[in-house]
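So the structure is just underneath, and the comments pick up after that.
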Amino acid sequence: MLEEIYINNFVLIDKLRLEFQKGLNVLTGETGAGKSIIIDALGLVMGERVKNDFIKDSSKKAAAEAVFNVQDYGEARAFLLDKGLIEKEDSRIIISRQISTNGRSSVRINEHTVTLNTLKILAAYLLDMHLQHEHMSILRPDKYMDYVDSFIPDNKQLLTDTKDVFLKLKEMNQLLEKLTAEEQDKQQKIDFLKFQIQEIENARLMPNEEKDLEELQTRIVNSQNLLEGADKLLQLLYRGEQFASAYDLLSEARDTASGLAGDAYFSSLTKPLEGMCYSLQDITRELASYKDSLDFEPGLLEEVEERLYVIKKVKTKYGNNIDEIYEFLDNAKKELDILENSQAKKEELEAEIQVFTKEYFTLASDLTQSRKKAAEILQDKVNSELLQLTMPHIRFSIEVQDLKTPGPKGVDKIEFMFSPNPGEVMRPLSRIASGGEISRFVLALKKALAEAYKLPTLIFDEIDVGVGGTALNTMALKLSQLSNSHQVILVTHSPQIAIYAKTHYLIKKHFQDKKTCISVEKLNNNKRIMEIARMLDGEHYSDITVQHATEMVNSVKKDE
């Protein structure tokens, strides 16, 4: 629900912070006091169009900011979580909109900059505004089916099953279309896939093979230099013919130290020198083995280079590494299997489609029958509400019409039909111009949908215009009842409605420093009675009027 709105430099408002409560919040004041400005600010926060005269002081930006509690409103929370605009543990959001002096506006939700379209989508989950001469979102035809479906007992499973079967059918039909389209060039595709599969399989790629081959290639190319280097090292370390090798010199050093082993120092040198001799023997054995490995068979280099060419060729076509190549191979085999068995698969798929189509239309038929019963229930509830609002001549009906194209919600289209006056033909509600009748009809519809209409906050701007007498008293009672299930914020000139307020705000216009300003006061019980008296009898109300106002307020308290 809407907890608070902050308005800055907006039309006649310098700065204003207004807190709203659960239940019925009423804004009253003299004509022209600026009540509609607050509604305009709310509209701005909800994504309404920016107007040229919104900025009060043209040297500064205008701003409107609203705080909503979304703890208990799943659709709004799901949207915010999906967009990354709220944390799971958060229950409140702050929506702010600023208007620059050049007329451009910016939107932020919880300090995240968002598009105006994102704001409008979110607003549709948070509140519904009924402004004079404007339709509300409740009258959108795309919402009608949800309203009717809310009166189907245990509707969730039936709706879910219908949607699931429809989506499965859609998926299968798309696959069938693909198989049919591929028939024309199927053989060409089969031949090409076979070629690709054979080329990859013939390559017989092994992990790390390319790396090993590249190392071998380098050794073969450099084999002469490597042979000469290995031979020279062997001569220096062990096999010196024209000079003493390192092993000869170390052996002589070891023997000399051993001959002087009677001295402790030389004795300590004997073992390390002997270890060096053993190490040189190990190194020379490895060198001899390495030298032998450099004796390559003739033509081996050509074989290695040819194998590397095959590997690089396969990589160029099918993937950067062996994992990607074998993934390509696996997918190619699957596609080949589908193509080679496409006729059998096609026939199998067509049979499955027939089964699912029959199941879909069975479910859709059940939905249609349930909707017709639910439509009668909602229709009767709305007409009952209209009768209580002293609108006996209005005719309202709900038609469950055939949908040309089956969809995830079945084969129905819901149309709300409406005739405001005797003798007028029934027409779709969406084509009826707004007015006093529509205002009362909307109230009747919302009252009938009180539990099903999930929007937490409903805003009415002078819904009572043109309504009086018994109809106005009934309208006031209906608004009060509606506020039991929704937060209701309304602007009114009717004391009959204002007496039901849980929270009552008085809007005043005054002059300060040669400027027109607006202020808002939350009224206590005494001031509220004075305001009701003013609404009854004007600024110069009498004691009798005050007494009447007191009785009106007290009568509501007794009823509660």
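Just so we're on the same page: first chain in the structure tokens is A, next is B, and so on; residues restart at 1 for each chain, and ligands are numbered from 1 in the order they show up.
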### Within 10 Å of A:Met172 using only C-alpha atoms, minus same-chain residues under 5 positions, as a list in words
Phe166, Leu167, Glu177, Lys178, Leu349, Glu350, Glu352, Ile353 and Phe356 of chain A
### Task
Excluding A:Asn524 and any residue of its chain fewer than 3 positions from it, enumerate the residues within 9 Å of it, using only C-alpha atoms, and give them as a PyMOL selection string.
chain A and resi 503-504+527-529
Contact residues around stretch 33-41 of chain A with only C-alpha atoms at 8 Å, ignoring same-chain residues under 5 positions, as a PDB file with C-alpha atoms, in the first residue's frame:
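The new file part-v1.pdb reads:
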ATOM      1  CA  ILE A   7       6.195  16.627  -3.126  1.00  0.00           C
ATOM      2  CA  PHE A  10       5.336  21.114  -7.729  1.00  0.00           C
ATOM      3  CA  VAL A  11       2.651  23.489  -9.077  1.00  0.00           C
ATOM      4  CA  LEU A  12       1.602  25.447  -5.921  1.00  0.00           C
ATOM      5  CA  LEU A  27      -8.836  14.684   1.098  1.00  0.00           C
ATOM      6  CA  THR A  28     -11.212  17.630   1.398  1.00  0.00           C
ATOM      7  CA  ALA A  64       7.520  13.663  -6.381  1.00  0.00           C
ATOM      8  CA  ASP A 461     -10.747  11.954  -7.691  1.00  0.00           C
ATOM      9  CA  VAL A 491     -10.802  13.550  -3.083  1.00  0.00           C
ATOM     10  CA  ILE A 507      -6.172  20.878   1.915  1.00  0.00           C
ATOM     11  CA  LYS A 508      -5.799  24.634   2.261  1.00  0.00           C
ATOM     12  CA  LYS A 509      -4.641  27.326  -0.102  1.00  0.00           C
ATOM     13  CA  ILE A 518      -0.822  24.808  -0.381  1.00  0.00           C
TER      14      ILE A 518
END
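Distance annotation: of A:Val442, A:Ile121, A:Leu126, A:Ile5, the residue with the minimal separation from A:Val382 is A:Val442; atom set is only C-alpha atoms.
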### Query
A:Arg440: which residues within 10 Å, counting only C-alpha atoms, same-chain residues fewer than 3 positions away excluded, as a PyMOL selection string?
chain A and resi 385-386+389-391+435-437+443-446+463-464+467+471-472+475
Please produce a file of those selected residues containing C-alpha atoms, as a CSV table (one decimal), in the first residue's frame.
chain,number,residue,atom,x,y,z
A,385,GLU,CA,-24.4,-3.2,-6.4
A,386,LEU,CA,-25.8,-1.0,-9.2
A,389,LEU,CA,-26.4,2.7,-6.0
A,390,THR,CA,-29.9,3.7,-7.3
A,391,MET,CA,-29.0,2.9,-10.9
A,435,GLY,CA,-19.2,10.1,-16.7
A,436,GLY,CA,-21.3,9.9,-13.6
A,437,GLU,CA,-22.8,6.5,-14.6
A,443,LEU,CA,-17.5,1.5,-7.9
A,444,ALA,CA,-20.0,-1.3,-8.2
A,445,LEU,CA,-17.6,-3.4,-10.2
A,446,LYS,CA,-14.8,-2.8,-7.6
A,463,ILE,CA,-16.0,10.1,-8.0
A,464,ASP,CA,-19.1,11.6,-6.3
A,467,VAL,CA,-24.3,12.0,-7.5
A,471,ALA,CA,-27.3,7.3,-4.3
A,472,LEU,CA,-24.6,9.4,-2.7
A,475,MET,CA,-21.9,5.3,-2.7
Would you give me, as a CSV table (one decimal) with N, CA and C atoms, in the first residue's frame, the residues in stretch 17-70 of chain A that DSSP reads as strand (DSSP E or B)?
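Final output, saved to result11.csv:
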chain,number,residue,atom,x,y,z
A,17,ARG,N,4.9,16.7,2.7
A,17,ARG,CA,5.0,15.3,3.0
A,17,ARG,C,3.7,14.8,3.6
A,18,LEU,N,3.1,13.8,3.0
A,18,LEU,CA,1.8,13.4,3.4
A,18,LEU,C,1.8,11.9,3.6
A,19,GLU,N,1.4,11.4,4.8
A,19,GLU,CA,1.4,10.0,5.1
A,19,GLU,C,-0.1,9.5,5.0
A,24,LEU,N,-9.8,4.0,4.6
A,24,LEU,CA,-10.3,5.1,3.8
A,24,LEU,C,-9.6,6.4,4.1
A,25,ASN,N,-8.8,7.0,3.2
A,25,ASN,CA,-8.1,8.3,3.4
A,25,ASN,C,-8.8,9.3,2.5
A,26,VAL,N,-9.3,10.4,3.2
A,26,VAL,CA,-10.1,11.4,2.5
A,26,VAL,C,-9.4,12.7,2.5
A,27,LEU,N,-9.4,13.3,1.3
A,27,LEU,CA,-8.8,14.7,1.1
A,27,LEU,C,-10.0,15.6,0.8
A,28,THR,N,-10.1,16.6,1.6
A,28,THR,CA,-11.2,17.6,1.4
A,28,THR,C,-10.6,19.0,1.4
A,55,ILE,N,6.3,22.6,-12.8
A,55,ILE,CA,7.3,23.2,-11.9
A,55,ILE,C,6.9,24.5,-11.4
A,62,ALA,N,11.5,20.0,-10.1
A,62,ALA,CA,10.3,19.5,-9.3
A,62,ALA,C,10.5,18.0,-9.0
A,63,ALA,N,9.9,17.6,-7.9
A,63,ALA,CA,10.1,16.2,-7.6
A,63,ALA,C,8.9,15.6,-6.9
A,64,ALA,N,8.6,14.4,-7.1
A,64,ALA,CA,7.5,13.7,-6.4
A,64,ALA,C,8.1,12.3,-6.0
A,65,GLU,N,7.9,11.9,-4.8
A,65,GLU,CA,8.5,10.7,-4.3
A,65,GLU,C,7.4,9.9,-3.4
A,66,ALA,N,7.3,8.6,-3.7
A,66,ALA,CA,6.3,7.8,-2.9
A,66,ALA,C,6.9,6.6,-2.3
A,67,VAL,N,6.5,6.2,-1.1
A,67,VAL,CA,6.9,5.0,-0.4
A,67,VAL,C,5.8,4.0,-0.4
A,68,PHE,N,6.1,2.8,-0.9
A,68,PHE,CA,5.1,1.8,-0.9
A,68,PHE,C,5.5,0.6,-0.1
A,69,ASN,N,4.6,0.0,0.6
A,69,ASN,CA,4.9,-1.3,1.3
A,69,ASN,C,4.4,-2.4,0.4
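Near A:Ser267, within a cut-off of 8 Å and counting only C-alpha atoms, sit the residues Ala257, Ser258, Leu260 and Ala261 of chain A, with same-chain residues fewer than 6 positions away left out.
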Write out, as a short mmCIF file (atom, residue, chain, number, x, y, z; two decimals), in the first residue's frame, the residues just selected, with N, CA and C atoms.
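So selection-v7.cif came out as:
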data_model
loop_
_atom_site.label_atom_id
_atom_site.label_comp_id
_atom_site.auth_asym_id
_atom_site.auth_seq_id
_atom_site.Cartn_x
_atom_site.Cartn_y
_atom_site.Cartn_z
N ALA A 257 91.24 -37.47 -2.22
CA ALA A 257 90.67 -37.23 -0.89
C ALA A 257 90.64 -38.51 -0.08
N SER A 258 90.37 -39.63 -0.76
CA SER A 258 90.31 -40.91 -0.06
C SER A 258 91.67 -41.30 0.48
N LEU A 260 93.89 -39.34 1.55
CA LEU A 260 94.20 -38.50 2.69
C LEU A 260 93.12 -38.59 3.77
N ALA A 261 92.40 -39.71 3.79
CA ALA A 261 91.24 -39.86 4.69
C ALA A 261 91.62 -39.90 6.15
#
### Summary
One residue among A:His112, A:Lys83, A:Lys168, A:Arg104 is nearest to A:Thr357 when using only C-alpha atoms, and that residue is A:Lys168
### Task
Write out as a VMD selection string each polymer residue whose atoms come within 12 Å of A:Gln343, counting only C-alpha atoms; drop sequence neighbours fewer than 3 positions from it.
chain A and resid 176 179 to 180 182 to 183 186 337 to 340 346 to 350
## Note on the structure
Of A:Met276, A:Leu116, A:Met129, A:Ser106, the one sitting nearest A:Glu462 when using only C-alpha atoms is A:Met129
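Reported to one decimal place, the separation of atom CA of A:Ile377 from atom CA of A:Pro428 is 19.0 Å.
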